[in-house]
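work.txt, holding compact mmCIF, C-alpha atoms and all ligand atoms:
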# COMPACT_ATOMS: atom_id res chain seq x y z
CA MET U 1 -45.01 -20.31 -16.98
CA THR U 2 -41.48 -21.41 -16.07
CA THR U 3 -40.82 -22.37 -12.45
CA THR U 4 -37.09 -23.10 -12.63
CA THR U 5 -35.26 -21.59 -9.68
CA LEU U 6 -31.62 -20.50 -9.86
CA TYR U 7 -28.90 -23.12 -9.34
CA THR U 8 -27.32 -21.84 -6.12
CA GLU U 9 -25.35 -24.91 -4.96
CA TYR U 10 -21.99 -23.13 -5.34
CA ASP U 11 -22.88 -20.29 -2.95
CA PRO U 12 -21.36 -21.94 0.16
CA LEU U 13 -18.16 -22.92 -1.64
CA ALA U 14 -17.53 -19.71 -3.58
CA HIS U 15 -14.63 -18.61 -1.36
CA VAL U 16 -12.91 -22.01 -1.54
CA TYR U 17 -13.50 -22.20 -5.32
CA ASN U 18 -12.03 -18.74 -5.85
CA GLU U 19 -8.97 -19.42 -3.68
CA ASP U 20 -8.16 -23.08 -4.36
CA TRP U 21 -9.92 -24.39 -7.47
CA ALA U 22 -10.40 -21.72 -10.10
CA LEU U 23 -6.77 -21.28 -11.11
CA GLY U 24 -6.24 -25.01 -11.71
CA VAL U 25 -9.33 -25.12 -13.92
CA LEU U 26 -8.13 -22.06 -15.85
CA GLN U 27 -4.64 -23.49 -16.38
CA GLU U 28 -6.12 -26.67 -17.81
CA THR U 29 -8.82 -25.11 -19.97
CA LEU U 30 -7.09 -22.06 -21.45
CA PRO U 31 -4.67 -24.04 -23.70
CA ALA U 32 -7.62 -26.08 -24.97
CA LEU U 33 -9.62 -22.95 -25.75
CA GLU U 34 -6.62 -21.47 -27.59
CA LYS U 35 -6.30 -24.62 -29.67
CA LEU U 36 -9.97 -25.22 -30.38
CA ILE U 37 -11.61 -21.84 -30.90
CA LEU U 38 -9.74 -18.69 -29.92
CA SER U 39 -7.45 -18.83 -32.94
CA ASN U 40 -10.58 -18.57 -35.15
CA LEU U 41 -12.33 -15.75 -33.31
CA VAL U 42 -11.98 -12.13 -34.37
CA LYS U 43 -10.50 -9.94 -31.64
CA ASP U 44 -13.66 -7.99 -30.81
CA ALA U 45 -15.97 -11.03 -30.91
CA GLN U 46 -18.90 -11.15 -28.51
CA VAL U 47 -18.28 -14.08 -26.16
CA LEU U 48 -20.62 -15.51 -23.52
CA ASP U 49 -19.12 -17.54 -20.67
CA LEU U 50 -22.04 -19.59 -19.36
CA GLY U 51 -21.56 -20.73 -15.76
CA CYS U 52 -18.61 -18.32 -15.50
CA GLY U 53 -18.14 -18.99 -11.78
CA THR U 54 -15.57 -16.71 -10.16
CA GLY U 55 -14.66 -15.05 -13.46
CA GLN U 56 -10.97 -15.89 -13.98
CA LEU U 57 -11.60 -17.07 -17.56
CA VAL U 58 -13.80 -14.04 -18.25
CA GLN U 59 -10.87 -11.78 -17.29
CA LYS U 60 -8.43 -13.70 -19.53
CA LEU U 61 -10.84 -13.36 -22.48
CA LEU U 62 -11.25 -9.63 -21.82
CA GLU U 63 -7.45 -9.25 -21.85
CA LYS U 64 -7.43 -10.90 -25.28
CA GLY U 65 -9.75 -8.18 -26.60
CA TYR U 66 -13.08 -10.02 -26.69
CA LYS U 67 -16.32 -8.42 -25.49
CA VAL U 68 -17.26 -10.79 -22.72
CA THR U 69 -20.50 -11.46 -20.88
CA GLY U 70 -20.44 -13.85 -17.92
CA ILE U 71 -23.53 -15.55 -16.60
CA ASP U 72 -23.79 -17.63 -13.45
CA ALA U 73 -26.67 -18.68 -11.23
CA SER U 74 -24.68 -18.46 -8.00
CA GLU U 75 -24.63 -15.02 -6.42
CA GLY U 76 -21.64 -16.06 -4.28
CA MET U 77 -19.56 -17.07 -7.31
CA LEU U 78 -20.59 -13.98 -9.24
CA ARG U 79 -19.48 -11.71 -6.36
CA TYR U 80 -15.89 -12.95 -6.92
CA ALA U 81 -16.34 -12.63 -10.69
CA HIS U 82 -17.02 -8.90 -10.20
CA GLU U 83 -13.66 -8.62 -8.34
CA ASN U 84 -11.72 -10.78 -10.81
CA ALA U 85 -13.18 -9.37 -14.03
CA PRO U 86 -14.24 -5.78 -13.26
CA GLY U 87 -14.58 -4.85 -16.95
CA ALA U 88 -17.02 -7.60 -17.85
CA LYS U 89 -20.77 -7.60 -18.14
CA LEU U 90 -21.86 -10.08 -15.47
CA ILE U 91 -25.39 -11.37 -15.13
CA LEU U 92 -26.99 -13.43 -12.38
CA ASN U 93 -29.12 -15.96 -14.25
CA ASP U 94 -29.64 -19.65 -14.79
CA ALA U 95 -28.62 -21.32 -18.05
CA ARG U 96 -32.05 -22.97 -18.11
CA LEU U 97 -33.68 -19.52 -18.24
CA LEU U 98 -31.37 -18.01 -20.87
CA ASP U 99 -33.35 -15.97 -23.39
CA PHE U 100 -31.11 -14.01 -25.78
CA SER U 101 -31.86 -13.10 -29.36
CA PRO U 102 -28.82 -13.88 -31.60
CA THR U 103 -25.98 -11.86 -29.98
CA PHE U 104 -22.81 -13.91 -29.53
CA ASN U 105 -20.05 -15.10 -31.86
CA ALA U 106 -19.13 -17.74 -29.30
CA VAL U 107 -20.60 -19.34 -26.21
CA ILE U 108 -18.19 -21.10 -23.87
CA SER U 109 -19.12 -23.19 -20.85
CA ILE U 110 -16.54 -24.81 -18.59
CA GLY U 111 -17.65 -27.36 -16.02
CA ALA U 112 -21.25 -26.23 -15.62
CA PHE U 113 -23.25 -28.82 -17.56
CA ASN U 114 -22.53 -31.82 -15.32
CA HIS U 115 -24.63 -29.93 -12.76
CA VAL U 116 -27.66 -30.11 -15.05
CA MET U 117 -29.36 -33.19 -13.72
CA SER U 118 -31.57 -34.26 -16.65
CA LEU U 119 -31.01 -34.70 -20.37
CA GLU U 120 -34.26 -32.81 -20.99
CA GLU U 121 -32.90 -29.74 -19.18
CA LEU U 122 -29.51 -30.07 -20.88
CA THR U 123 -31.27 -30.14 -24.26
CA SER U 124 -33.27 -27.05 -23.40
CA ILE U 125 -30.04 -25.23 -22.42
CA PHE U 126 -28.50 -26.21 -25.78
CA LYS U 127 -31.59 -24.75 -27.50
CA ASN U 128 -31.18 -21.51 -25.51
CA VAL U 129 -27.50 -21.33 -26.52
CA TYR U 130 -28.39 -21.95 -30.17
CA GLN U 131 -30.83 -19.05 -30.03
CA ALA U 132 -28.21 -16.78 -28.40
CA LEU U 133 -25.61 -17.41 -31.13
CA LEU U 134 -25.18 -15.46 -34.33
CA ASP U 135 -25.03 -17.38 -37.63
CA ASN U 136 -21.78 -19.40 -37.78
CA GLY U 137 -21.43 -18.91 -34.03
CA ILE U 138 -19.31 -21.43 -32.09
CA PHE U 139 -20.40 -23.32 -29.01
CA LEU U 140 -17.64 -24.90 -26.91
CA PHE U 141 -18.19 -26.66 -23.62
CA TYR U 142 -16.15 -28.81 -21.27
CA ILE U 143 -17.89 -31.71 -19.58
CA PHE U 144 -16.91 -34.87 -17.70
CA LEU U 145 -17.81 -38.18 -19.37
CA GLU U 146 -17.88 -41.56 -17.62
CA GLU U 147 -14.12 -42.25 -17.88
CA GLU U 148 -13.50 -39.22 -15.69
CA TYR U 149 -15.91 -40.37 -12.99
CA GLN U 150 -14.64 -43.95 -13.10
CA LEU U 151 -10.89 -43.28 -13.29
CA ASN U 152 -10.27 -39.96 -11.58
CA TRP U 153 -13.21 -39.35 -9.31
CA ASP U 154 -14.64 -42.09 -7.13
CA ASP U 155 -13.39 -42.01 -3.52
CA LYS U 156 -10.97 -39.18 -4.29
CA ILE U 157 -10.27 -37.09 -1.19
CA THR U 158 -9.02 -33.51 -1.43
CA GLY U 159 -8.66 -30.62 0.98
CA ASN U 160 -6.72 -27.64 2.21
CA VAL U 161 -6.09 -25.73 5.43
CA LYS U 162 -5.54 -21.96 5.47
CA GLU U 163 -5.51 -19.23 8.13
CA ASP U 164 -9.20 -18.49 7.96
CA TYR U 165 -10.73 -21.51 6.23
CA ALA U 166 -10.26 -25.23 5.85
CA TRP U 167 -12.07 -27.74 3.70
CA ALA U 168 -12.19 -31.40 2.83
CA ALA U 169 -14.06 -33.12 0.02
CA ARG U 170 -14.80 -36.77 -0.68
CA ASN U 171 -16.08 -37.64 -4.14
CA SER U 172 -18.36 -40.54 -4.99
CA TYR U 173 -19.84 -41.97 -8.19
CA ASP U 174 -22.74 -44.35 -8.67
CA SER U 175 -22.41 -46.06 -12.07
CA GLU U 176 -26.05 -47.31 -11.90
CA THR U 177 -27.64 -43.87 -11.59
CA LYS U 178 -24.68 -42.09 -13.25
CA ILE U 179 -24.81 -39.54 -10.47
CA ALA U 180 -21.62 -38.25 -8.86
CA ALA U 181 -21.29 -36.27 -5.66
CA ILE U 182 -18.77 -33.95 -4.06
CA ASN U 183 -19.31 -34.27 -0.30
CA LEU U 184 -17.81 -31.14 1.21
CA THR U 185 -17.10 -29.92 4.69
CA ILE U 186 -15.94 -26.32 5.00
CA PHE U 187 -14.77 -24.56 8.16
CA SER U 188 -14.70 -20.76 8.04
CA LEU U 189 -13.27 -18.45 10.69
CA ILE U 190 -15.97 -15.85 11.20
CA GLU U 191 -15.51 -13.27 13.99
CA LYS U 192 -12.94 -15.50 15.74
CA THR U 193 -15.27 -18.52 15.69
CA TRP U 194 -14.87 -21.51 13.41
CA GLN U 195 -18.14 -22.32 11.66
CA ARG U 196 -18.75 -25.68 9.99
CA LEU U 197 -20.81 -26.16 6.86
CA ASP U 198 -21.55 -29.50 5.16
CA SER U 199 -22.80 -29.58 1.63
CA THR U 200 -23.14 -31.99 -1.27
CA ILE U 201 -22.82 -30.98 -4.88
CA LEU U 202 -24.32 -33.43 -7.37
CA GLU U 203 -23.20 -34.08 -10.91
CA LYS U 204 -24.81 -36.10 -13.70
CA CYS U 205 -22.79 -38.11 -16.20
CA TYR U 206 -24.02 -38.19 -19.81
CA THR U 207 -22.73 -40.34 -22.63
CA LYS U 208 -21.09 -38.82 -25.68
CA GLU U 209 -23.98 -40.14 -27.79
CA GLU U 210 -26.61 -38.50 -25.54
CA ILE U 211 -24.79 -35.18 -25.80
CA ILE U 212 -24.41 -35.35 -29.58
CA THR U 213 -28.12 -36.22 -30.00
CA ALA U 214 -29.11 -33.32 -27.73
CA LEU U 215 -26.90 -30.94 -29.75
CA LYS U 216 -28.38 -32.10 -33.06
CA THR U 217 -31.94 -31.83 -31.67
CA SER U 218 -31.11 -28.25 -30.71
CA GLY U 219 -30.00 -27.38 -34.25
CA PHE U 220 -26.19 -27.60 -33.96
CA SER U 221 -23.98 -29.00 -36.71
CA ASP U 222 -20.27 -29.72 -37.37
CA ILE U 223 -20.06 -31.35 -33.95
CA SER U 224 -16.61 -32.52 -32.73
CA SER U 225 -15.40 -33.80 -29.39
CA TYR U 226 -11.89 -33.85 -27.96
CA ASP U 227 -10.69 -35.80 -24.95
CA SER U 228 -8.27 -33.52 -23.12
CA HIS U 229 -5.82 -36.38 -22.50
CA HIS U 230 -6.00 -38.54 -25.65
CA ASP U 231 -6.71 -35.85 -28.26
CA LEU U 232 -5.41 -32.59 -26.84
CA LYS U 233 -2.56 -34.00 -24.69
CA ILE U 234 -3.37 -31.39 -22.07
CA SER U 235 -4.50 -33.30 -19.01
CA GLN U 236 -2.76 -36.25 -17.34
CA MET U 237 -5.91 -38.38 -17.20
CA PRO U 238 -8.69 -39.13 -19.73
CA GLY U 239 -12.36 -38.27 -19.25
CA SER U 240 -12.74 -34.52 -19.46
CA THR U 241 -14.01 -33.71 -22.91
CA TYR U 242 -14.46 -30.58 -25.00
CA PHE U 243 -17.36 -30.43 -27.43
CA VAL U 244 -17.24 -27.89 -30.25
CA CYS U 245 -20.15 -27.26 -32.61
CA TYR U 246 -21.63 -24.54 -34.79
CA LYS U 247 -24.86 -22.74 -35.54
CA ARG U 248 -25.17 -22.82 -39.33
CA VAL U 249 -28.28 -21.02 -40.48
CA HIS U 250 -27.10 -20.39 -44.04
CA SER U 251 -24.79 -23.20 -45.10
C1 LIG U 301 -17.24 -26.09 -11.68
S1 LIG U 301 -17.83 -24.44 -11.62
C2 LIG U 301 -16.98 -23.77 -13.05
C3 LIG U 301 -16.85 -22.29 -13.00
C4 LIG U 301 -16.08 -21.67 -14.17
N1 LIG U 301 -16.72 -21.96 -15.43
C5 LIG U 301 -14.64 -22.10 -14.20
O1 LIG U 301 -14.18 -22.56 -15.25
O2 LIG U 301 -13.94 -21.97 -13.19
C6 LIG U 301 -19.49 -24.60 -12.23
C7 LIG U 301 -20.25 -23.27 -12.28
O3 LIG U 301 -21.44 -23.47 -13.05
C8 LIG U 301 -22.49 -22.76 -12.43
N2 LIG U 301 -23.75 -23.39 -12.82
C9 LIG U 301 -24.14 -24.66 -12.64
N3 LIG U 301 -25.37 -24.84 -13.12
C10 LIG U 301 -25.77 -23.65 -13.64
C11 LIG U 301 -26.94 -23.20 -14.29
N4 LIG U 301 -27.99 -24.01 -14.50
N5 LIG U 301 -27.01 -21.92 -14.70
C12 LIG U 301 -25.96 -21.07 -14.50
N6 LIG U 301 -24.83 -21.43 -13.87
C13 LIG U 301 -24.73 -22.72 -13.45
C14 LIG U 301 -22.20 -22.88 -10.93
O4 LIG U 301 -22.87 -21.90 -10.17
C15 LIG U 301 -20.68 -22.74 -10.92
O5 LIG U 301 -20.29 -21.40 -10.78

For the structure just supplied, provide its representation as structure tokens.
Ligand SMILES: C[S@@+](CC[C@H](N)C(=O)[O-])C[C@H]1O[C@@H](n2cnc3c(N)ncnc32)[C@H](O)[C@@H]1O
Amino acid sequence: MTTTTLYTEYDPLAHVYNEDWALGVLQETLPALEKLILSNLVKDAQVLDLGCGTGQLVQKLLEKGYKVTGIDASEGMLRYAHENAPGAKLILNDARLLDFSPTFNAVISIGAFNHVMSLEELTSIFKNVYQALLDNGIFLFYIFLEEEYQLNWDDKITGNVKEDYAWAARNSYDSETKIAAINLTIFSLIEKTWQRLDSTILEKCYTKEEIITALKTSGFSDISSYDSHHDLKISQMPGSTYFVCYKRVHS
């Protein structure tokens, strides 16, 4: 019997993510997706966006003609996804509980896997993705490696103030445990009263070798990785990395 409960840590920050974060992520990831996989996908391909968040990428993929399913474990994030991508199939579920028979030509996951806090769980998600893919299906995901946490993360402070909400975040990274944190304070104006909410979102940093081993253990082959700064020349700073691999049943 599985006892995994849904990953709901993004519920309190869904509004802030939708307003202030999602577009920046989309602008950085879309050119990489175009370069790495979209040019090879047929127009009506079945695509799964795992950890789809507030759905901006799902909508872009729909506009390109793909049949898109979005899955996220946060009900708050998925509520915005329904607004942002009304034509998509959206499912509230946890990547650790994914149980599809082979359905998808491509599975994409942007920024979700650093929230998986053990290599064992990450490996079991990769196995679930492998099962969900059709033969020759592509798996692409975007994940932060240590360079990102060391160069662009630790002690970074961000924030914004709007009419009805304000937030501040301070990031930290512990290179011993390889655990990073986003320490967030959000103020929301609810019925003319400002309400404060403090929350911490944890991330786990894996090495490239750990990820490649987990992918191979799960059955994937033709594994490549691309640093978005060094290899793709998309981001200003190194660290965020795209992995691309394939399910090859009949090679
Ligand atoms: C940084 S956000 C990225 C959202 C979206 N992919 C984007 O590009 O804007 C990470 C998302 O992954 C989701 N997530 C994290 N762990 C998950 C899990 N185990 N199963 C499903 N979704 C998960 C979170 O709820 C959140 O919406």

Shortest contact to ligand LIG 301 (chain U), candidates U:Gly219, U:Gly65, U:Pro31, U:Gly55, atoms counted all atoms listed in the file, goes to U:Gly55

Please identify the residues whose atoms come within 9 Å of ligand LIG 301 (chain U), using all atoms listed in the file, and report them as a VMD selection string.
chain U and resid 6 to 11 14 17 to 18 21 to 26 29 49 to 58 71 to 78 92 to 98 108 to 116 121 to 122 125 142

Put those residues in a file: C-alpha atoms, as a CSV table (one decimal), keeping the file's coordinate frame.
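Final output, result35.csv:
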chain,number,residue,atom,x,y,z
U,6,LEU,CA,-31.6,-20.5,-9.9
U,7,TYR,CA,-28.9,-23.1,-9.3
U,8,THR,CA,-27.3,-21.8,-6.1
U,9,GLU,CA,-25.4,-24.9,-5.0
U,10,TYR,CA,-22.0,-23.1,-5.3
U,11,ASP,CA,-22.9,-20.3,-3.0
U,14,ALA,CA,-17.5,-19.7,-3.6
U,17,TYR,CA,-13.5,-22.2,-5.3
U,18,ASN,CA,-12.0,-18.7,-5.8
U,21,TRP,CA,-9.9,-24.4,-7.5
U,22,ALA,CA,-10.4,-21.7,-10.1
U,23,LEU,CA,-6.8,-21.3,-11.1
U,24,GLY,CA,-6.2,-25.0,-11.7
U,25,VAL,CA,-9.3,-25.1,-13.9
U,26,LEU,CA,-8.1,-22.1,-15.8
U,29,THR,CA,-8.8,-25.1,-20.0
U,49,ASP,CA,-19.1,-17.5,-20.7
U,50,LEU,CA,-22.0,-19.6,-19.4
U,51,GLY,CA,-21.6,-20.7,-15.8
U,52,CYS,CA,-18.6,-18.3,-15.5
U,53,GLY,CA,-18.1,-19.0,-11.8
U,54,THR,CA,-15.6,-16.7,-10.2
U,55,GLY,CA,-14.7,-15.0,-13.5
U,56,GLN,CA,-11.0,-15.9,-14.0
U,57,LEU,CA,-11.6,-17.1,-17.6
U,58,VAL,CA,-13.8,-14.0,-18.2
U,71,ILE,CA,-23.5,-15.6,-16.6
U,72,ASP,CA,-23.8,-17.6,-13.4
U,73,ALA,CA,-26.7,-18.7,-11.2
U,74,SER,CA,-24.7,-18.5,-8.0
U,75,GLU,CA,-24.6,-15.0,-6.4
U,76,GLY,CA,-21.6,-16.1,-4.3
U,77,MET,CA,-19.6,-17.1,-7.3
U,78,LEU,CA,-20.6,-14.0,-9.2
U,92,LEU,CA,-27.0,-13.4,-12.4
U,93,ASN,CA,-29.1,-16.0,-14.2
U,94,ASP,CA,-29.6,-19.6,-14.8
U,95,ALA,CA,-28.6,-21.3,-18.0
U,96,ARG,CA,-32.0,-23.0,-18.1
U,97,LEU,CA,-33.7,-19.5,-18.2
U,98,LEU,CA,-31.4,-18.0,-20.9
U,108,ILE,CA,-18.2,-21.1,-23.9
U,109,SER,CA,-19.1,-23.2,-20.8
U,110,ILE,CA,-16.5,-24.8,-18.6
U,111,GLY,CA,-17.6,-27.4,-16.0
U,112,ALA,CA,-21.2,-26.2,-15.6
U,113,PHE,CA,-23.2,-28.8,-17.6
U,114,ASN,CA,-22.5,-31.8,-15.3
U,115,HIS,CA,-24.6,-29.9,-12.8
U,116,VAL,CA,-27.7,-30.1,-15.0
U,121,GLU,CA,-32.9,-29.7,-19.2
U,122,LEU,CA,-29.5,-30.1,-20.9
U,125,ILE,CA,-30.0,-25.2,-22.4
U,142,TYR,CA,-16.2,-28.8,-21.3

I'd like the neighbourhood of stretch 239-248 of chain U as a ChimeraX atom specification, where a residue qualifies if any of its atoms comes within 9 Å (using only C-alpha atoms), though same-chain residues fewer than 4 positions away should be ignored.
/U:32,36-37,110,130-131,133-152,211-212,215,219-229,235

Report, in Å to a single decimal, how far apart atom CA of U:Gln195 and atom CA of U:Ile157 are.
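Between atom CA of U:Ile157 and atom CA of U:Gln195 the gap works out to 21.1 Å.
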
What's the 9 Å shell around U:Lys89, counting only C-alpha atoms, without same-chain residues fewer than 5 positions away, as a list in words?
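Surrounding residues, per the criterion: Lys67, Val68, Thr69, Gly70, Ile71 and His82 of chain U.
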
Between atom CA of U:Gln46 and atom CA of U:Ala85, what is the distance, to one decimal in Å?
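Taking atom CA of U:Gln46 as the start and atom CA of U:Ala85 as the end point, the length is 15.7 Å.
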
Which value, in Å to one decimal, gives the distance between atom CA of U:Asn128 and atom CA of U:Ala106?
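That distance, rounded to one decimal, is 13.2 Å.
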
U:Met237, U:Thr5, U:Thr123, U:Leu13 ranked by distance to U:Asn183, top pick (using only C-alpha atoms):
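Comparing U:Met237, U:Thr5, U:Thr123, U:Leu13 against U:Asn183, the winner is U:Leu13.
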
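Among U:Leu33, U:Ile186, U:Leu119, U:Ala81, the residue with the shortest atom-to-atom distance to U:Glu209, counting all atoms listed in the file, is U:Leu119.
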
Given only C-alpha atoms as the basis, pick out the residue of U:Val107, U:Ile234, U:Cys205, U:Leu41 nearest to U:Ile179.
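Distance minimum relative to U:Ile179 lands on U:Cys205.
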
For U:Trp167: contacts at 8 Å, all atoms listed in the file, fewer than 6 positions along chain excluded, given as JSON, numbers by chain
{"U": [16, 159, 160, 161, 184, 185, 186, 187]}

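When only C-alpha atoms are used to compute distances to U:Phe126, the closest of the residues U:Lys216, U:His15, U:Lys60, U:Lys233 turns out to be U:Lys216.
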